[in-house]
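Chemist: My structure file work-v9.cif, mmCIF, C-alpha atoms and all ligand atoms, is below:
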```cif
data_structure
loop_
_atom_site.label_atom_id
_atom_site.label_comp_id
_atom_site.auth_asym_id
_atom_site.auth_seq_id
_atom_site.Cartn_x
_atom_site.Cartn_y
_atom_site.Cartn_z
CA MET E 1391 0.70 20.33 25.73
CA LYS E 1392 -0.76 18.03 23.15
CA ASP E 1393 0.48 19.70 20.01
CA ASP E 1394 3.91 19.12 18.71
CA PRO E 1395 6.42 20.87 16.50
CA ASP E 1396 6.02 20.06 12.84
CA VAL E 1397 8.09 17.21 11.62
CA PRO E 1398 10.60 18.70 9.19
CA ASP E 1399 9.86 18.00 5.53
CA GLU E 1400 12.10 15.84 3.42
CA THR E 1401 14.22 18.70 2.14
CA THR E 1402 15.70 19.07 5.64
CA GLN E 1403 19.24 17.84 5.80
CA THR E 1404 19.34 17.01 9.50
CA PRO E 1405 17.58 14.14 11.22
CA SER E 1406 14.02 14.83 12.35
CA LEU E 1407 13.37 16.12 15.85
CA GLU E 1408 11.86 12.76 16.76
CA THR E 1409 15.09 11.00 15.84
CA GLU E 1410 17.17 13.52 17.77
CA TRP E 1411 14.96 13.08 20.85
CA MET E 1412 15.11 9.32 20.59
CA LEU E 1413 18.90 9.33 20.25
CA ALA E 1414 19.20 11.66 23.25
CA VAL E 1415 17.07 9.22 25.25
CA ARG E 1416 19.14 6.29 24.03
CA ASP E 1417 22.59 7.79 24.48
CA GLN E 1418 22.15 10.32 27.32
CA ARG E 1419 19.01 9.00 29.08
CA ASP E 1420 17.73 12.53 28.49
CA ARG E 1421 14.42 13.04 30.34
CA ALA E 1422 13.61 16.33 28.63
CA ALA E 1423 13.94 14.60 25.27
CA PHE E 1424 11.75 11.78 26.56
CA ALA E 1425 9.17 14.36 27.59
CA ARG E 1426 9.07 15.67 24.00
CA LEU E 1427 8.63 12.13 22.69
CA PHE E 1428 5.88 11.56 25.24
CA ASP E 1429 4.05 14.75 24.24
CA HIS E 1430 4.29 13.80 20.58
CA PHE E 1431 3.41 10.11 20.73
CA ALA E 1432 1.27 9.59 23.86
CA PRO E 1433 -1.84 11.34 22.43
CA ARG E 1434 -1.47 9.46 19.14
CA LEU E 1435 -1.00 6.13 20.92
CA LYS E 1436 -4.08 6.86 23.01
CA GLY E 1437 -6.09 7.64 19.89
CA PHE E 1438 -4.76 4.45 18.31
CA ALA E 1439 -5.78 2.33 21.30
CA MET E 1440 -9.23 3.91 21.52
CA ARG E 1441 -9.84 3.35 17.82
CA ALA E 1442 -8.96 -0.28 18.42
CA GLY E 1443 -11.75 -0.44 21.00
CA ALA E 1444 -10.11 0.42 24.33
CA GLY E 1445 -11.90 2.71 26.77
CA ALA E 1446 -10.16 5.93 27.83
CA ALA E 1447 -8.71 4.50 31.05
CA GLU E 1448 -7.55 1.29 29.42
CA ALA E 1449 -6.06 3.28 26.54
CA GLU E 1450 -4.00 5.28 29.04
CA ASP E 1451 -2.76 2.04 30.60
CA ILE E 1452 -1.64 0.92 27.16
CA VAL E 1453 0.08 4.26 26.49
CA GLN E 1454 1.86 3.95 29.82
CA ASP E 1455 3.14 0.46 29.01
CA VAL E 1456 4.30 1.49 25.54
CA MET E 1457 6.06 4.70 26.62
CA ILE E 1458 7.87 2.94 29.47
CA LYS E 1459 9.06 0.31 26.99
CA VAL E 1460 10.30 3.12 24.73
CA TRP E 1461 12.41 4.35 27.65
CA GLN E 1462 13.60 0.89 28.73
CA ARG E 1463 14.30 -0.48 25.26
CA ALA E 1464 15.87 2.68 23.88
CA HIS E 1465 19.24 0.93 23.48
CA GLN E 1466 17.63 -1.24 20.80
CA PHE E 1467 16.70 1.75 18.65
CA ASP E 1468 18.80 1.93 15.50
CA PRO E 1469 17.99 4.89 13.24
CA GLU E 1470 19.69 3.16 10.31
CA THR E 1471 17.11 0.38 10.18
CA ALA E 1472 13.97 1.87 11.73
CA GLN E 1473 12.36 5.26 11.93
CA VAL E 1474 11.11 6.36 15.36
CA SER E 1475 7.37 6.11 14.59
CA GLY E 1476 7.81 2.67 12.98
CA TRP E 1477 9.81 1.47 15.97
CA ILE E 1478 7.16 2.73 18.39
CA TYR E 1479 4.41 1.21 16.23
CA ARG E 1480 6.15 -2.16 16.61
CA ILE E 1481 6.37 -1.79 20.39
CA ALA E 1482 2.71 -0.76 20.52
CA ARG E 1483 1.56 -3.77 18.54
CA ASN E 1484 3.63 -6.13 20.73
CA GLN E 1485 2.06 -4.52 23.79
CA GLN E 1486 -1.38 -5.10 22.33
CA ILE E 1487 -0.57 -8.78 21.71
CA ASP E 1488 0.88 -9.22 25.21
CA ARG E 1489 -2.26 -7.72 26.67
CA TYR E 1490 -4.92 -9.60 24.78
CA ARG E 1491 -3.39 -12.84 23.60
CA LYS E 1492 -2.01 -15.95 25.17
CA ASP E 1493 1.27 -16.08 23.28
CA LYS E 1494 3.82 -13.34 22.75
CA ARG E 1495 4.53 -12.45 19.16
CA PRO E 1496 7.55 -14.46 18.01
CA GLU E 1497 10.34 -12.14 16.91
CA PRO E 1498 12.89 -12.79 14.16
CA GLU E 1499 16.55 -13.23 15.05
CA ALA E 1500 18.14 -9.86 15.73
CA LEU E 1501 20.74 -8.52 13.37
CA MET E 1502 24.08 -7.57 14.82
CA PRO E 1503 24.63 -3.85 14.37
CA GLU E 1504 28.15 -2.96 13.37
CA GLN E 1505 30.11 -2.45 16.56
CA ASP E 1506 31.10 1.12 17.39
CA ALA E 1507 30.13 2.23 13.93
CA VAL E 1508 29.31 5.89 13.58
CA PRO E 1509 25.71 6.06 12.34
CA ASP E 1510 25.57 6.59 8.61
CA ALA E 1511 23.82 9.97 8.48
CA GLY E 1512 22.94 9.45 4.82
CA GLN E 1513 21.16 6.21 5.59
CA VAL E 1514 19.30 7.75 8.53
CA LEU E 1515 18.11 10.62 6.32
CA ALA E 1516 17.18 8.32 3.46
CA LEU E 1517 15.03 6.28 5.82
CA GLU E 1518 13.36 9.41 7.16
CA GLN E 1519 12.62 10.60 3.63
CA GLU E 1520 10.96 7.29 2.90
CA ALA E 1521 8.94 7.57 6.10
CA ALA E 1522 7.88 11.08 5.08
CA GLY E 1523 6.99 9.67 1.65
CA LEU E 1524 4.81 7.02 3.28
CA ARG E 1525 3.00 9.67 5.33
CA GLU E 1526 2.39 11.75 2.20
CA ALA E 1527 1.17 8.72 0.29
CA LEU E 1528 -1.23 8.02 3.14
CA ALA E 1529 -2.46 11.62 3.19
CA ARG E 1530 -3.13 11.57 -0.55
CA LEU E 1531 -5.37 8.50 -0.42
CA LYS E 1532 -9.11 8.81 -0.89
CA PRO E 1533 -10.85 8.76 2.52
CA ALA E 1534 -12.28 5.26 2.03
CA GLN E 1535 -8.91 3.88 1.03
CA ARG E 1536 -7.14 5.59 3.86
CA GLU E 1537 -9.67 4.13 6.24
CA MET E 1538 -8.87 0.64 4.97
CA VAL E 1539 -5.12 1.15 5.33
CA GLU E 1540 -5.60 2.42 8.88
CA ARG E 1541 -7.79 -0.54 9.77
CA ALA E 1542 -5.25 -2.98 8.35
CA TYR E 1543 -2.33 -1.48 10.32
CA LEU E 1544 -4.48 -1.11 13.44
CA GLY E 1545 -4.98 -4.86 13.40
CA GLU E 1546 -8.68 -4.74 12.53
CA LEU E 1547 -8.35 -6.90 9.41
CA SER E 1548 -7.22 -10.51 9.14
CA HIS E 1549 -4.78 -11.49 6.41
CA THR E 1550 -7.65 -12.95 4.37
CA GLU E 1551 -9.57 -9.70 4.69
CA ILE E 1552 -6.46 -7.78 3.65
CA GLN E 1553 -6.04 -10.06 0.68
CA ALA E 1554 -9.70 -9.93 -0.30
CA GLU E 1555 -10.13 -6.21 0.33
CA THR E 1556 -10.36 -4.61 -3.08
CA GLY E 1557 -10.60 -1.15 -1.53
CA LEU E 1558 -7.23 -1.54 0.16
CA PRO E 1559 -4.73 0.29 -2.02
CA LEU E 1560 -1.88 -2.08 -1.27
CA GLY E 1561 -0.65 -1.50 -4.81
CA THR E 1562 -0.47 2.24 -4.25
CA ILE E 1563 1.53 2.01 -1.06
CA LYS E 1564 3.55 -0.91 -2.37
CA SER E 1565 5.54 1.24 -4.75
CA ARG E 1566 6.56 3.47 -1.83
CA ILE E 1567 7.28 0.45 0.30
CA ARG E 1568 9.49 -0.97 -2.48
CA LEU E 1569 11.59 2.17 -2.45
CA ALA E 1570 12.11 1.95 1.29
CA LEU E 1571 12.79 -1.74 0.88
CA ASP E 1572 15.64 -1.31 -1.57
CA LYS E 1573 17.42 1.07 0.75
CA LEU E 1574 16.83 -1.15 3.77
CA ARG E 1575 17.96 -4.24 1.96
CA HIS E 1576 21.23 -2.58 1.10
CA GLU E 1577 21.71 -1.64 4.74
CA LEU E 1578 20.76 -5.05 6.11
CA LYS E 1579 23.25 -6.83 3.88
CA ASP E 1580 26.14 -5.67 6.03
CA MET E 1581 24.49 -6.67 9.28
CA ARG E 1582 24.14 -10.43 9.01
CA PRO E 1583 25.43 -12.19 12.10
CA SER E 1584 28.54 -14.04 10.99
CA MET D 1455 22.68 -20.81 1.59
CA THR D 1456 20.74 -21.40 -1.59
CA GLN D 1457 18.75 -18.58 -3.08
CA ILE D 1458 15.32 -18.13 -1.54
CA THR D 1459 12.71 -17.79 -4.28
CA HIS D 1460 9.38 -18.25 -2.48
CA HIS D 1461 8.71 -15.40 -0.06
CA ILE D 1462 6.02 -14.28 2.39
CA PRO D 1463 3.25 -12.39 0.54
CA ASP D 1464 2.64 -8.76 1.50
CA GLU D 1465 -0.78 -9.30 3.07
CA ILE D 1466 0.75 -11.82 5.47
CA LEU D 1467 3.72 -9.56 6.33
CA LEU D 1468 1.24 -6.77 7.00
CA ALA D 1469 -0.89 -9.04 9.20
CA TYR D 1470 2.28 -10.04 11.10
CA ALA D 1471 3.27 -6.38 11.56
CA ALA D 1472 -0.24 -5.52 12.75
CA GLY D 1473 -0.30 -8.55 15.06
CA THR D 1474 -3.33 -10.32 13.60
CA LEU D 1475 -1.71 -13.56 12.43
CA PRO D 1476 -2.33 -16.69 14.49
CA HIS D 1477 0.70 -17.49 16.66
CA SER D 1478 1.67 -20.58 14.65
CA HIS D 1479 1.79 -18.59 11.40
CA ALA D 1480 3.64 -15.74 13.09
CA VAL D 1481 6.38 -18.22 14.05
CA VAL D 1482 6.74 -19.18 10.37
CA VAL D 1483 6.98 -15.49 9.38
CA ALA D 1484 9.56 -14.77 12.10
CA ALA D 1485 11.56 -17.87 11.06
CA HIS D 1486 11.53 -16.93 7.37
CA VAL D 1487 12.44 -13.29 8.13
CA SER D 1488 15.39 -14.62 10.16
CA MET D 1489 16.61 -16.31 6.95
CA CYS D 1490 15.56 -13.75 4.33
CA ASP D 1491 16.77 -10.16 4.02
CA THR D 1492 14.21 -9.38 1.33
CA CYS D 1493 11.32 -10.10 3.67
CA ARG D 1494 13.13 -8.51 6.63
CA ALA D 1495 13.29 -5.29 4.62
CA ALA D 1496 9.67 -5.64 3.48
CA LEU D 1497 8.58 -6.18 7.10
CA SER D 1498 10.52 -3.07 8.18
CA ALA D 1499 8.75 -1.15 5.44
CA HIS D 1500 5.37 -2.34 6.75
CA GLN D 1501 6.40 -1.26 10.24
CA ALA D 1502 7.37 2.13 8.81
CA MET D 1503 3.92 2.30 7.20
CA GLY D 1504 2.38 1.42 10.57
CA GLY D 1505 4.43 4.27 12.00
CA ALA D 1506 3.03 6.60 9.34
CA VAL D 1507 -0.51 5.56 10.28
CA LEU D 1508 0.35 6.22 13.93
CA GLU D 1509 1.80 9.66 13.09
CA GLU D 1510 -1.27 10.62 11.08
CA SER D 1511 -3.87 9.19 13.41
CA ALA D 1512 -6.20 11.31 15.49
CA SER D 1513 -4.85 12.33 18.89
CA GLU D 1514 -6.64 11.95 22.20
CA THR D 1515 -5.64 14.27 25.02
CA VAL D 1516 -3.81 12.37 27.73
CA SER D 1517 -4.30 13.11 31.42
CA ASP D 1518 -1.65 14.78 33.56
CA ALA D 1519 -1.95 11.79 35.87
CA LEU D 1520 -0.75 9.49 33.10
CA ARG D 1521 2.22 11.72 32.39
CA ALA D 1522 3.12 11.74 36.07
CA ARG D 1523 2.76 7.95 36.35
CA VAL D 1524 5.05 7.35 33.40
CA PHE D 1525 7.75 9.70 34.67
CA ASP D 1526 7.53 8.15 38.15
CA LYS D 1527 8.32 4.76 36.69
CA LEU D 1528 11.37 5.73 34.65
CA ASP D 1529 13.70 4.88 37.53
CA ASP D 1530 12.15 1.46 38.12
CA THR D 1531 14.38 -1.48 37.36
CA PRO D 1532 13.23 -2.78 33.98
CA PRO D 1533 12.03 -6.39 33.86
CA PRO D 1534 14.61 -8.74 32.38
CA GLU D 1535 14.39 -8.79 28.61
CA PRO D 1536 13.78 -12.14 27.00
CA ALA D 1537 16.94 -13.32 25.26
CA ALA D 1538 16.85 -12.74 21.50
CA PRO D 1539 16.23 -16.05 19.75
CA ARG D 1540 19.38 -17.69 18.36
CA ARG D 1541 19.71 -20.10 15.50
CA ALA D 1542 20.48 -23.72 16.46
CA GLY D 1543 21.62 -25.97 13.59
CA ILE D 1544 18.94 -25.98 10.92
CA TYR D 1545 16.43 -24.28 13.24
CA PRO D 1546 16.05 -20.49 12.93
CA GLY D 1547 15.87 -18.69 16.29
CA PRO D 1548 12.06 -18.46 16.57
CA VAL D 1549 11.84 -22.26 16.01
CA ALA D 1550 14.80 -23.10 18.27
CA ALA D 1551 13.04 -21.10 21.00
CA LEU D 1552 10.15 -23.59 20.91
CA LEU D 1553 12.42 -26.63 21.26
CA GLY D 1554 13.91 -27.78 24.55
CA PRO D 1555 17.27 -26.57 25.83
CA ASP D 1556 18.93 -29.39 23.83
CA TRP D 1557 17.08 -28.43 20.63
CA GLN D 1558 15.72 -31.91 20.19
CA ALA D 1559 12.36 -31.94 18.44
CA PRO D 1560 9.74 -34.28 19.94
CA TRP D 1561 9.65 -36.49 16.84
CA LYS D 1562 6.94 -39.12 16.52
CA SER D 1563 7.04 -41.65 13.73
CA LEU D 1564 4.17 -41.64 11.26
CA GLY D 1565 5.55 -44.71 9.49
CA PHE D 1566 7.56 -45.13 6.28
CA GLY D 1567 10.34 -42.97 7.70
CA VAL D 1568 8.05 -39.95 7.94
CA LYS D 1569 8.05 -38.16 11.29
CA GLN D 1570 6.34 -35.19 12.81
CA ALA D 1571 6.95 -33.12 15.91
CA ILE D 1572 4.09 -31.02 17.20
CA LEU D 1573 5.38 -27.71 18.56
CA SER D 1574 2.03 -26.18 19.43
CA GLU D 1575 -1.57 -27.06 18.92
CA GLY D 1576 -4.70 -25.37 20.03
CA GLY D 1577 -7.26 -22.71 19.42
CA GLU D 1578 -5.23 -20.52 17.11
CA GLY D 1579 -3.91 -23.27 14.88
CA SER D 1580 -1.12 -25.74 14.99
CA LEU D 1581 2.58 -25.73 14.34
CA ARG D 1582 4.67 -28.77 13.60
CA LEU D 1583 7.91 -29.98 12.14
CA LEU D 1584 7.69 -32.56 9.38
CA TYR D 1585 10.49 -34.93 8.44
CA ILE D 1586 10.14 -36.52 5.02
CA PRO D 1587 12.83 -38.85 3.66
CA GLY D 1588 14.06 -37.83 0.21
CA GLY D 1589 11.78 -39.18 -2.53
CA ARG D 1590 8.74 -39.63 -0.28
CA ALA D 1591 5.45 -37.81 -0.55
CA MET D 1592 4.35 -35.49 2.23
CA PRO D 1593 1.39 -36.82 4.18
CA GLU D 1594 -1.83 -35.45 2.80
CA HIS D 1595 -3.96 -33.50 5.17
CA GLY D 1596 -7.11 -31.46 5.17
CA HIS D 1597 -6.70 -27.84 4.22
CA HIS D 1598 -8.34 -25.30 6.47
CA GLY D 1599 -7.82 -21.67 5.70
CA LEU D 1600 -4.20 -20.67 5.55
CA GLU D 1601 -1.36 -23.16 5.59
CA MET D 1602 2.29 -22.10 5.52
CA THR D 1603 5.18 -24.50 5.00
CA LEU D 1604 8.78 -23.35 5.44
CA VAL D 1605 11.62 -25.61 4.29
CA LEU D 1606 14.47 -25.90 6.80
CA GLN D 1607 16.48 -28.67 5.13
CA GLY D 1608 16.34 -30.55 1.82
CA SER D 1609 13.62 -29.63 -0.64
CA PHE D 1610 10.25 -30.67 -1.99
CA SER D 1611 8.44 -30.12 -5.25
CA ASP D 1612 4.84 -29.88 -6.35
CA ASP D 1613 2.91 -28.16 -9.14
CA GLU D 1614 3.79 -24.79 -7.59
CA GLY D 1615 7.51 -25.42 -8.13
CA ARG D 1616 10.53 -26.48 -6.14
CA PHE D 1617 10.93 -25.37 -2.52
CA GLY D 1618 14.39 -25.38 -0.95
CA PRO D 1619 15.74 -24.14 2.40
CA GLY D 1620 14.13 -20.83 3.36
CA ASP D 1621 11.32 -21.10 0.79
CA VAL D 1622 7.73 -20.80 1.99
CA GLU D 1623 4.73 -22.38 0.33
CA ILE D 1624 1.41 -20.73 1.04
CA GLY D 1625 -1.63 -22.98 0.77
CA HIS D 1626 -5.17 -21.64 0.78
CA ASP D 1627 -8.41 -23.56 1.02
CA ALA D 1628 -8.64 -24.27 -2.65
CA LEU D 1629 -5.04 -25.28 -3.29
CA GLU D 1630 -4.71 -28.96 -4.03
CA HIS D 1631 -1.02 -29.70 -3.92
CA MET D 1632 0.89 -32.96 -3.82
CA PRO D 1633 4.33 -32.17 -2.44
CA VAL D 1634 7.02 -34.83 -2.74
CA ALA D 1635 10.42 -34.53 -1.04
CA ASP D 1636 13.15 -34.36 -3.67
CA PRO D 1637 15.72 -37.13 -3.77
CA GLY D 1638 18.76 -36.14 -1.74
CA PRO D 1639 18.94 -34.94 1.86
CA ASP D 1640 15.84 -35.68 3.92
CA CYS D 1641 13.40 -32.79 3.93
CA ILE D 1642 12.57 -31.03 7.19
CA CYS D 1643 9.78 -28.43 7.11
CA LEU D 1644 7.98 -26.19 9.56
CA ALA D 1645 4.25 -26.19 8.88
CA ALA D 1646 1.55 -23.94 10.31
CA THR D 1647 -2.13 -24.65 9.82
CA ASP D 1648 -5.26 -22.87 10.99
CA ALA D 1649 -6.78 -25.95 12.57
CA PRO D 1650 -5.35 -29.18 13.96
CA LEU D 1651 -3.86 -31.08 11.06
CA ARG D 1652 -5.87 -34.13 10.17
CA PHE D 1653 -4.15 -36.71 8.07
CA LYS D 1654 -6.69 -38.04 5.67
CA SER D 1655 -5.30 -40.78 3.53
CA PHE D 1656 -1.83 -40.94 4.87
CA VAL D 1657 -0.83 -44.42 3.82
CA PRO D 1658 -2.22 -44.25 0.30
CA ARG D 1659 -0.45 -40.95 -0.28
CA LEU D 1660 2.80 -42.36 1.02
CA LEU D 1661 2.60 -45.18 -1.45
CA GLN D 1662 1.96 -42.86 -4.32
CA PRO D 1663 5.60 -42.53 -5.36
CA PHE D 1664 5.60 -46.26 -5.96
CA PHE D 1665 2.25 -46.36 -7.72
CA ARG D 1666 2.60 -43.17 -9.64
CA ILE D 1667 0.56 -43.37 -12.80
ZN ZN X 1 11.56 -13.77 1.91
#
```
Is it possible to give me this structure as structure tokens?
Ligand SMILES: [Zn+2]
Modeler:
Amino acid sequence: MKDDPDVPDETTQTPSLETEWMLAVRDQRDRAAFARLFDHFAPRLKGFAMRAGAGAAEAEDIVQDVMIKVWQRAHQFDPETAQVSGWIYRIARNQQIDRYRKDKRPEPEALMPEQDAVPDAGQVLALEQEAAGLREALARLKPAQREMVERAYLGELSHTEIQAETGLPLGTIKSRIRLALDKLRHELKDMRPS
Amino acid sequence: MTQITHHIPDEILLAYAAGTLPHSHAVVVAAHVSMCDTCRAALSAHQAMGGAVLEESASETVSDALRARVFDKLDDTPPPEPAAPRRAGIYPGPVAALLGPDWQAPWKSLGFGVKQAILSEGGEGSLRLLYIPGGRAMPEHGHHGLEMTLVLQGSFSDDEGRFGPGDVEIGHDALEHMPVADPGPDCICLAATDAPLRFKSFVPRLLQPFFRI
């Protein structure tokens, strides 16, 4: 079972399936929901790891580490500040750093989520729309540009290469990122530790 | 807190998100993000973009054995999670985490009231705290590749502008800057460099405020 249900488009007024699965894992420790997440993300994570140079067996070890972290760290998932794929991307990159580098990646101070607050469904949806917008923006890029974006986010380019890379359409994706940013900034304002 | 006006550029946030920054520079990014909602949001956006790349990337079929292994391990006791870094005084969490349990920096005098505390040094670059009394020049040092300086207390100025708490100055190879701590509270900065910092003409630079032409 390597295919997955289509992610709903941005006109949908309910959270995406991925978000629902992730919340079921977080709140109910729902193994069936975790199985759906696994079937959706494990093949992509394996492809990601192999593109970054891992052999098939090593790539599966990486997928294993990442998916177990998804299960163990589920309580840290907050759909108001991160979309599932972005959250898993972050875990995957940390795993990569743990595996190949001496020092762990230093993390910023955590924000304090509002206690007992009911998730703001509007914010969750807004974030998902932005994530869908980012995926569309990526899909619309010319192949060479898309390749550069993928390499940058896969960790194949240093910051100087990113800066020097004229083919990298940072400007194009920046406008989308700015939109997501404004919404996030608004949300983060209320979450400063006091 | 005063308004932060000098932020982390996008290519460096992206490199942090992708995990390609040297550790010393990643500490500066994590420290600034701890102080700056603008960059926290921008970093989240880059992580969302990373998620989009992951969603759209080519799949590789995974083995049934892998699936079984993962499900077998779900009941294992998870390893203890490292405590989230907490701010201590002027030190943002990611910096406080590198200091001892008493949050005392290993200050060493460089003379003229200037001090430095090396937090890490080695292959990937070096990370240090600098303590510059108000009105003094920063020690001059060789520039190698990328240098990032985050102000934690006080402020300094150079031809790029004024840098107060939370502001980051990015120096590249070519940048020739002459930062001087502003009069007022002593300036404490966190500085990351690609290579071990070599002070070139430390004493002459220190005297510059007195001999300014
Ligand atoms: Zn900032």
Chemist: Could you please tell me, as a PyMOL selection string, which residues of chain D have an atom within 8 Å of chain E when using only C-alpha atoms?
Modeler: chain D and resi 1465-1466+1468-1469+1471-1475+1477+1480-1481+1484-1485+1487-1488+1491-1492+1494-1496+1498-1516+1520+1523-1524+1527-1528+1532+1538-1541+1546-1548
Chemist: To one decimal place in Å, what is the distance between CA of Val1482 in chain D and CA of Gly1543 in chain D?
Modeler: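 Those two atoms sit 16.7 Å apart.
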Chemist: Using only C-alpha atoms and all ligand atoms, which protein or nucleic acid residues are at most 6 Å from ligand ZN 1 (chain X), as a PyMOL selection string?
Modeler: chain D and resi 1461-1462+1490+1492-1493
Chemist: Could you tell me how far CA of Glu1623 in chain D lies from CA of Ala1551 in chain D, in Å and to one decimal?
Modeler: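 Answer for the CA of Glu1623 in chain D to CA of Ala1551 in chain D separation: 22.3 Å.
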Chemist: Could you state the separation of CA of Pro1555 in chain D and CA of Ile1572 in chain D in Å, given to one decimal place?
Modeler: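 Distance reported for this atom pair: 16.4 Å.
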Chemist: Only N, CA, C and O atoms, please: range 1429-1442 of chain E from the block, as a JSON list (two decimals), in the first residue's frame.
Modeler:
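File selection12.json, as written:
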```json
[["chain", "number", "residue", "atom", "x", "y", "z"],
["E", 1429, "ASP", "N", 1.93, 4.94, 5.90],
["E", 1429, "ASP", "CA", 1.80, 4.62, 4.48],
["E", 1429, "ASP", "C", 1.95, 5.85, 3.59],
["E", 1429, "ASP", "O", 2.39, 5.76, 2.46],
["E", 1430, "HIS", "N", 1.58, 7.00, 4.13],
["E", 1430, "HIS", "CA", 1.73, 8.24, 3.36],
["E", 1430, "HIS", "C", 3.17, 8.73, 3.36],
["E", 1430, "HIS", "O", 3.72, 9.07, 2.31],
["E", 1431, "PHE", "N", 3.79, 8.78, 4.52],
["E", 1431, "PHE", "CA", 5.08, 9.46, 4.63],
["E", 1431, "PHE", "C", 6.29, 8.54, 4.48],
["E", 1431, "PHE", "O", 7.34, 8.99, 4.01],
["E", 1432, "ALA", "N", 6.19, 7.26, 4.90],
["E", 1432, "ALA", "CA", 7.38, 6.40, 4.87],
["E", 1432, "ALA", "C", 7.99, 6.31, 3.46],
["E", 1432, "ALA", "O", 9.21, 6.47, 3.31],
["E", 1433, "PRO", "N", 7.18, 6.09, 2.40],
["E", 1433, "PRO", "CA", 7.80, 6.01, 1.07],
["E", 1433, "PRO", "C", 8.44, 7.34, 0.64],
["E", 1433, "PRO", "O", 9.48, 7.34, -0.03],
["E", 1434, "ARG", "N", 7.83, 8.44, 1.03],
["E", 1434, "ARG", "CA", 8.41, 9.75, 0.69],
["E", 1434, "ARG", "C", 9.71, 9.97, 1.45],
["E", 1434, "ARG", "O", 10.70, 10.47, 0.91],
["E", 1435, "LEU", "N", 9.70, 9.62, 2.74],
["E", 1435, "LEU", "CA", 10.92, 9.79, 3.54],
["E", 1435, "LEU", "C", 12.03, 8.91, 3.00],
["E", 1435, "LEU", "O", 13.20, 9.30, 2.98],
["E", 1436, "LYS", "N", 11.67, 7.72, 2.54],
["E", 1436, "LYS", "CA", 12.70, 6.83, 1.98],
["E", 1436, "LYS", "C", 13.27, 7.44, 0.70],
["E", 1436, "LYS", "O", 14.49, 7.46, 0.50],
["E", 1437, "GLY", "N", 12.39, 7.96, -0.14],
["E", 1437, "GLY", "CA", 12.85, 8.62, -1.37],
["E", 1437, "GLY", "C", 13.76, 9.80, -1.06],
["E", 1437, "GLY", "O", 14.80, 10.00, -1.69],
["E", 1438, "PHE", "N", 13.36, 10.56, -0.06],
["E", 1438, "PHE", "CA", 14.13, 11.72, 0.42],
["E", 1438, "PHE", "C", 15.53, 11.29, 0.84],
["E", 1438, "PHE", "O", 16.53, 11.87, 0.43],
["E", 1439, "ALA", "N", 15.60, 10.25, 1.66],
["E", 1439, "ALA", "CA", 16.89, 9.79, 2.19],
["E", 1439, "ALA", "C", 17.76, 9.24, 1.07],
["E", 1439, "ALA", "O", 18.97, 9.47, 1.04],
["E", 1440, "MET", "N", 17.14, 8.53, 0.12],
["E", 1440, "MET", "CA", 17.94, 7.96, -0.98],
["E", 1440, "MET", "C", 18.45, 9.05, -1.90],
["E", 1440, "MET", "O", 19.57, 8.98, -2.40],
["E", 1441, "ARG", "N", 17.63, 10.08, -2.11],
["E", 1441, "ARG", "CA", 18.11, 11.20, -2.92],
["E", 1441, "ARG", "C", 19.29, 11.86, -2.25],
["E", 1441, "ARG", "O", 20.18, 12.39, -2.91],
["E", 1442, "ALA", "N", 19.27, 11.88, -0.91],
["E", 1442, "ALA", "CA", 20.38, 12.51, -0.18],
["E", 1442, "ALA", "C", 21.59, 11.58, -0.10],
["E", 1442, "ALA", "O", 22.57, 11.91, 0.55]]
```
